[in-house]
Amino acid sequence: MTDDDVRRRSGEPAVTSGDPPVIRSDVPGSFPWSVLHNRHPALIRKVGDATPYGPDRRRALDLLLREITDGVIGPLEGTVHDRGLWESWDRGHVGGRWDDAPFLWAESYFYRKLLAAVGYFDPGPWRGIDPFEPFKRAELLGKGVDAELRALDGLPAMSAEEQAQTLLQRALWGNQADLGFRLSAGGAHDGDRTTGLPADDSDLLWSAVDGPRPARICFVADNAGGELLPDLALIDHLLHARGAREVLLHVKPVPYYVSDAVPADVIACVRR
């Protein structure tokens, strides 16, 4: 059976000349394989250990753990608000092996099922409770954030240009604090701050900010904690030092991936 045969059976379009191959999780040792086989099971256990869920939620988490390790992809259970969307994105993956589904779909569907397992959308005591909040809180109160905040103490001694570039670089490289990678690695890992960029459009950014009319800036946040803090410091600079008219900060409506910044995370970072 060829790859195109598999795609036709699953409802996916055939790959035409020049299209990249679909990334799956069926190669042991690959990054997608390690996410599905190592990171996701570890995350289920950490979520269960971090929050005092009752027996029903713990059973749901155990079922999800068995499904992703030994079973096939199951449907969303019960009456859910986004069933139609997920059915339109399915293309025959539900009922098959997790390893055989496109990686991006499989990872996204896992997190949707994790929210279902903890009752995030259901009536009851866990409705709207962020299952990743304990990890975000621990990071926000940790030594890494202490160091991040101490680094800002030197800003007043810098020139306006140095302040701008420093804050922009710290916001840019904040993504290295991605909590999802660090949870699966068994602890915090700061890594090295890279200085080289494949592309640098900062001059274009500053020309837009410092244009003849005060700028309205849309800021799309990704992760909470150690990544969101330098974002907020940069926003403060744009408003108070660069005369931006307003900044619109876009965050996620629900805590979908483990590190996602939601409105409550913005408040927690401001308080910190």
# chains A, B, ... in the order shown; residues from 1 in each chain; ligands from 1
call {"tool": "closest_atom_pairs", "arguments": {"of": "stretch 60-91 of chain A", "to": "stretch 115-135 of chain A", "cutoff": "10 Å", "atoms": "only C-alpha atoms", "output": "Markdown table"}}
result
| residue | atom | partner | partner_atom | distance |
| --- | --- | --- | --- | --- |
| A:Ala60 | CA | A:Ala117 | CA | 5.0 |
| A:Leu61 | CA | A:Ala117 | CA | 5.6 |
| A:Asp62 | CA | A:Ala117 | CA | 9.0 |
| A:Leu63 | CA | A:Ala117 | CA | 8.6 |
| A:Leu64 | CA | A:Ala117 | CA | 7.4 |
| A:Leu76 | CA | A:Ala116 | CA | 7.9 |
| A:Glu77 | CA | A:Ala116 | CA | 8.3 |
| A:Gly78 | CA | A:Ala116 | CA | 9.8 |
| A:Thr79 | CA | A:Asp122 | CA | 9.4 |
| A:Val80 | CA | A:Phe121 | CA | 8.0 |
| A:His81 | CA | A:Phe121 | CA | 8.5 |
call {"tool": "residues_around", "arguments": {"residues": "A:Gly96", "least_positions_apart": "2", "cutoff": "12 Å", "atoms": "only C-alpha atoms", "output": "list in words"}}
result
Val6, Arg9, Ser10, Glu67, Ile68, Asp70, Gly71, Val72, Ile73, Gly74, Pro75, Asp90, Arg91, Gly92, His93, Val94, Trp98, Asp99, Asp100, Ala101, Pro102 and Ala106 of chain A
call {"tool": "atom_distance", "arguments": {"atom1": "atom CA of A:Leu104", "atom2": "atom CA of A:Gly174"}}
result
22.9 Å
call {"tool": "residues_around", "arguments": {"residues": "A:Asn175", "least_positions_apart": "6", "cutoff": "10 Å", "atoms": "only C-alpha atoms", "output": "PyMOL selection string"}}
result
chain A and resi 222-224+226-228
call {"tool": "write_last_selection", "arguments": {"atoms": "C-alpha atoms", "output": "compact mmCIF listing (two decimals), in the first residue's frame"}}
result
# COMPACT_ATOMS: atom_id res chain seq x y z
CA ASP A 222 2.19 32.44 23.49
CA ASN A 223 3.34 31.04 26.83
CA ALA A 224 2.78 32.16 30.41
CA GLY A 226 8.92 33.23 32.22
CA GLU A 227 7.93 34.02 28.64
CA LEU A 228 5.04 36.38 29.39
call {"tool": "atom_distance", "arguments": {"atom1": "atom CA of A:Trp89", "atom2": "atom CA of A:Val47"}}
result
26.5 Å
call {"tool": "residues_around", "arguments": {"residues": "stretch 145-160 of chain A", "least_positions_apart": "5", "cutoff": "9 Å", "atoms": "only C-alpha atoms", "output": "JSON, numbers by chain"}}
result
{"A": [139, 140, 165, 166, 167, 170, 225, 226, 229, 230, 233, 241]}
